[in-house]
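Single-structure report; data block below.
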Amino acid sequence: MMLGLIPLCPLIAFAILILVGRRLGKLSSAVSLLALAGSLTLSLIGFHQLRTLHQQLHWVWNWLPFGNNAIRLGLQMDPLSATMCLVVTIIGWLIMLYSVGYMGEDPRFSRFFAYLSLFFTAMLTLVLADNLLLLYIGWEGVGLCSYLLISFWFERPAAANAGKKAFLTTRIGDLGLLAGILLMVRVTGDLSFSDLPAKANALGSWAPVVALLIFWGAVGKSAQFPLHVWLPDAMEGPTPVSALIHAATMVAAGIYLVARTLPLFLTSATSMLAVATIGGITSFFAATIACTQTDLKRVLAYSTLSQLGFMMMGLGCGSAFAGMFHLVTHAWFKALLFLGAGSVIHVVHHQEITRMGGLWRSMPVTAATFTLGAVTMAGVPPFSGFWSKEEILMNVARFSPANFPTAGTLFLAVGLGTSLLTAFYITRAVLLTFFGTSRAAAGHGHDAHPPHESPFVMTGPLLLLCAGALGIGWIGTPWGGHAFQHFLGVEPAHHGGPEWILVASIGVGAAGILAAFLRYALGVQLLPAALRSGLSGVYRLVANKYYIDELYEKVFVQPVLAFARRAFSFDGNVIDGAVNGAGRLGLWTSRQKGWVDQVIVDGAVNGMATAVGWAGGAVRRIQTGLVQNYLLIAAAGAITLFWVLQWK
Amino acid sequence: MIVPLPHVLCVSAGLFALGLFGALTRRNAIGILMSIELILNSANLNLVAFNRVWGSPDGLGQVMALFVIGIAAGGAVVGLALVLAIFRRQQTISADEIRLLKG
C-alpha cells in the first residue's frame with residue numbers, strides 16, 4: 001500500500017496543478033516539491049526496510065479477474081527498483097528545486113510543474129512495476145511527458161518539431177517492446193519479473209527474440225544507435241527537463257529495463273553481443289560527435305548518448321551491476337553538468353560555447369561545480385565517474401561470448417577510446433565556456449548587463465549535486481565496503497580483473513584532458529598541418545553527426561512525406577472527386593425531380609384548381625343574390641317538373 | 001248549398017297564382033311576405049275543401065289548416081325580423097337592392 005503512494009503523491013500534485021494551477025501561481029512549485037518529497041521519504045523508508053530488515057515491499061492487486069485466474073498488477077521494491085527510486089526522487093527533487101529559479105519568469109510556470117509531477121508518477125510506476133505490463137504503462141507515460149516537456153516552448157517551431165521527433169522515434173522502439181511483451185505473454189502467459197531465469201527456460205528458443213525485442217524498446221528510449229537522433233534535438237526543451245528526463249532518469253529507463261530483464265539476455269550469446277555492440281557503437285560514435293559540437297547543451301546531449309552506450313555495453317557484457325552503477329553515477333554528474341549549463345544559459349541567453357569564455361569570474365559557483373562535474377565524468381580518480389567506468393571496463397575485458405571470443409578485447413578498445421574522447425570533449429567544453437577570455441562582445445552587442453551568478457535556488461542544487469557526483473562512487477569501492485554490490489546482491493567484481501586496465505583508463509583520461517588543455521587553453525595545434533587538411537573531410541562528417549539525420553530525412557522522412565502528399569492528392573482528387581461526383585449526381589437528380597414536381601405534379605394540381613375556378617366562374621353568374629330570382633327559378637323548376645310528370 | 005269542389009279549387013289556384021305573382025314581382029320585402037301568406041292560405045283553402053268533400057271524421061284537414069296558420073304566423077315573425085334587420089343594415093327593404101348573397 002505504501003508503495004502505491006510513491007507514484008501517487010506526484011499524481012495528486014499533477015491533478016491539483018492541472019486543475020487550479022493558474023490560481024496557485026508560484027505556489028505550484030511548492031505543491032510539486034512537497035509531493036515529490038513525500039515520494040522521496042517513502043522511497044527512503046522502503047530502502048531502509050530493504051537494507052536493514054531484508055524485507056521486500058510488494059503490493060499486488062487483481063486488475064482484471066476472470067474465472068479462477070486474474071491479470072495482476074503489482075508494485076515491488078527490490079534492490080534494483082529501490083536504487084532507481086532513490087536516484088529518481090533525490091536527483092529529481094534537486095532539479096525541481098532548481099527549476100523554481102530557472103522557470104521563474106515563465107508564463108506557464110505551474111503547467112511546467114504539473115508536467116514534471118506527471119513525469120514522476122510515470123517514472124516511479126516504471127521503476128516500481130513488478131511486471132512488464134505496468135512497466136510498459138509507465139514507459140509510455142514518461143514518453144508522453146518527455147514529449148510535452150520537450151515542446152514546452154511550443155511557440156518555437158524547433159521545439160515543437162523536436163517534441164514530435166522524440167515522440168515518433170521512441171515510438172518505433174516502443175513498438176518493439178510491445179511486441180516483446182505480447183510474445184512473452186503468448187509463450188509463458190506471465191509478465192511478472194519474478195523468477196526470470198525459469199521464464200527464460202520456458203521461452204526456449206523464443207528467449208533471444210523476446211530479449212532483442214525488449215532491447216529494441218530500450219534502444220528507442222535510451223537513444224541508442226540507430227534510434228539516437230531524437231535526443232540531441234530534445235535539447236530544445238527547458239534545461240531542467242534536459243537534465244532530469246534526457247540525462248538522469250528517463251533515458252536511463254532503457255538501461256534499467258535491460259538490467260531488469262537481463263536473465264532473458266543471458267540465455268543467448270547473440271543477444272548479449274547485440275546489446276554490447278549497439279552500446280559500443282553508440283558510445284564511441286556519439287563521443288566523436290560531442291568533440292565537434294559548439295552548442296553547450298548538444299555537447300552534453302551527445303555525451304549522454306555516449307555514456308548510455310557505455311552502460312549498454314556494460315550490460316551486454318553480462319554485468320547488470322556495472323550498468324546500474326554507471327547509471328547512478330552518471331545521473332548525478334550529468335544532472336549537475338546540465339544544470340550548470342542551464343545556469344550559464346540562464347545568464348548569457350544563448351548556448352554557443354564559441355561565444356562564451358571567461359565566465360568563471362562572474363559565475364564562480366557555477367564554474368566550480370561544472371568543472372568538478374566534468375572532472376568526474378572524465379574519469380579522474382577518486383571521483384564517482386572513475387569507479388563506475390572502471391567497473392564497466394573490467395567487465396568488458398572479461399567478456400568472451402562463445403561465438404566471438406575476442407569480443408572483450410575489441411569492446412575494451414572501444415571503451416578506452418570513448419574514455420579518451422570523453423575526457424577530451426568535456427575538458428574542451430569547460431575551457432571554452434568558463435576559461436580564457438570572453439568572446440561574448442565579438443559576436444553580438446546585446447549583452448548590455450554583464451553576466452552574474454544565478455540565484456541561490458539554482459546554485460544550491462548545483463552544490464548538492466556536485467557533492468553527490470563526487471562522492472556517490474564511494475558506495476561501489478572497496479573503501480565503501482562494496483555496499484552497492486552487496487545491496488544489489490552481486491559479488492564484488494574486482495578479483496581477477498587485469499590491473500593494467502586501471503592504469504590504461506587513468507592514462508587515456510589524462511591524455512584526453514591534456515590534449516584538450518593544449519589545444520583550447522594554450523592554442524597548440526595538435527596535428528601537423530598536412531594531416532589536418534587531410535582530415536578536414538572527416539571533421540566535416542563528424543561535425544554533421546555523420547549525416548545520419550540527413551540520411552533518415554532522405555530514407556524515411558521524405559518518402560513518408562512524399563507518400564503522405566501522394567495520399568493527400570489521392571484523397572483530394574479521387575476520394576473527394578468521388579464524393580463530390582456523388583454530390584453532383586444527387587444534385588442533378590434532384591433538379592430533374594424538382595422539374596417533374598414543379599411542372600407535372602404541380603401542373604396537375606394547379607390545373608385542377610384552375611379548372612374548378614373556371615367552372616365556378618361560369619356558374620357564379622346564376623348566383624345573383626336576388627331572392628326573387630331564386631324564387632323564380634324554384635317556381636319555374638316546380639312547374640317544369642310538374643309538366644314533365646304530367647306527360648309521363 | 002254545397003259549393004262544388006272544382007270551384008273551390010279554382011279559387012284556391014287563383015289565390016296561389018296571385019301569391020306567386022306577387023312574390024315574384026313585388027319589390028318591397030314586406031309585400032313579398034304578404035304574397036307568401038296568400039300562397040299559404042291557398043293551400044289552407046285546399047285542405048279545408050278536401051276535408052269537407054272526403055269527410056274525415058276527426059277533421060284532420062281542418063286541423064292541418066290551423067297548423068299551417070300557426071306556422072305561417074311563426075314564419076311571418078321570422079321574416080319580418082329579417083326584414084327589420086336588413087333595413088337596419090342597408091337602409092332599404094327593396095329586394096332589388098339586397099344582393100348580399102351574390103356569388
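So you can find residues: chains in the C-alpha cells are A, B, ... in the order shown, residues in each start at 1, and ligands are numbered from 1 in order.
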Per-residue nearest contacts chain B to chain A, cut-off 9 Å, using only C-alpha atoms, as a tab-separated table:
residue	atom	partner	partner_atom	distance
B:Leu20	CA	A:Ala635	CA	8.3
B:Ala23	CA	A:Gln628	CA	7.3
B:Leu24	CA	A:Gln628	CA	5.6
B:Thr25	CA	A:Gln628	CA	7.8
B:Arg26	CA	A:Gln628	CA	8.8
B:Arg27	CA	A:Gln628	CA	8.9
B:Ile32	CA	A:Gln628	CA	8.9
B:Ala95	CA	A:Leu626	CA	6.7
B:Asp96	CA	A:Leu626	CA	6.5
B:Glu97	CA	A:Leu626	CA	8.0
B:Ile98	CA	A:Leu626	CA	6.6
B:Arg99	CA	A:Gly625	CA	4.1
B:Leu100	CA	A:Gly625	CA	5.9
B:Leu101	CA	A:Gly625	CA	4.2
B:Lys102	CA	A:Gly625	CA	3.7
B:Gly103	CA	A:Gln623	CA	5.0
Practice item. Mind listing the helix (DSSP H, G or I) residues of region 2-101 of chain B, per DSSP on the backbone, as a ChimeraX atom specification? Key: /B:5-25,29-54,60-90
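Surrounding region 49-52 of chain B within 12 Å are Ile2, Val3, Pro4, Leu5, Pro6, His7, Val8, Leu9, Cys10, Val11, Ser12, Ser42, Ala43, Asn44, Leu45, Asn46, Leu47, Trp54, Gly55, Ser56, Pro57, Asp58, Gly59, Leu60, Gly61, Gln62, Val63, Met64 and Ala65 of chain B, with only C-alpha atoms counted and residues fewer than 2 positions along the same chain left out.
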Practice item. List every residue of region 61-140 of chain A that DSSP, applied to the backbone, labels as strand (DSSP E or B), and write the result as a VMD selection string. Key: chain A and resid 61 to 66 69 to 77 129 131
Review point. With only C-alpha atoms as the basis for distance, which of A:Val219, A:Ala207, A:Ile12, A:Leu168 is at the shortest distance from Tyr115 (chain A)?
Key: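 Counting only C-alpha atoms, the residue closest to Tyr115 (chain A) is A:Ile12.
What separates CA of Ala73 (chain B) from CA of Glu37 (chain B) is a distance of 9.0 Å.
Residues within 10 Å of His330 (chain A), counting only C-alpha atoms and excluding same-chain residues fewer than 5 positions away, are Ala247, Ala248, Thr249, Ala252, Thr304, Gln307, Leu308, Met311, Met324, Phe325, Ala335, Leu336, Gly373, Thr376, Met377, Ser384, Gly385, Ser388, Lys389, Ala469, Ile472 and Gly473 of chain A.
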6 Å contact set for region 184-194 of chain A, only C-alpha atoms, chain neighbours under 5 positions out, as a PDB file with C-alpha atoms, in the first residue's frame:
ATOM      1  CA  ASP A 130       6.765  -5.850 -10.827  1.00  0.00           C
ATOM      2  CA  ASN A 131       5.703  -6.892 -14.296  1.00  0.00           C
ATOM      3  CA  LEU A 132       6.254  -5.826 -17.874  1.00  0.00           C
TER       4      LEU A 132
END
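Note that CA of Ala429 (chain A) and CA of Leu296 (chain A) are 7.0 Å apart.
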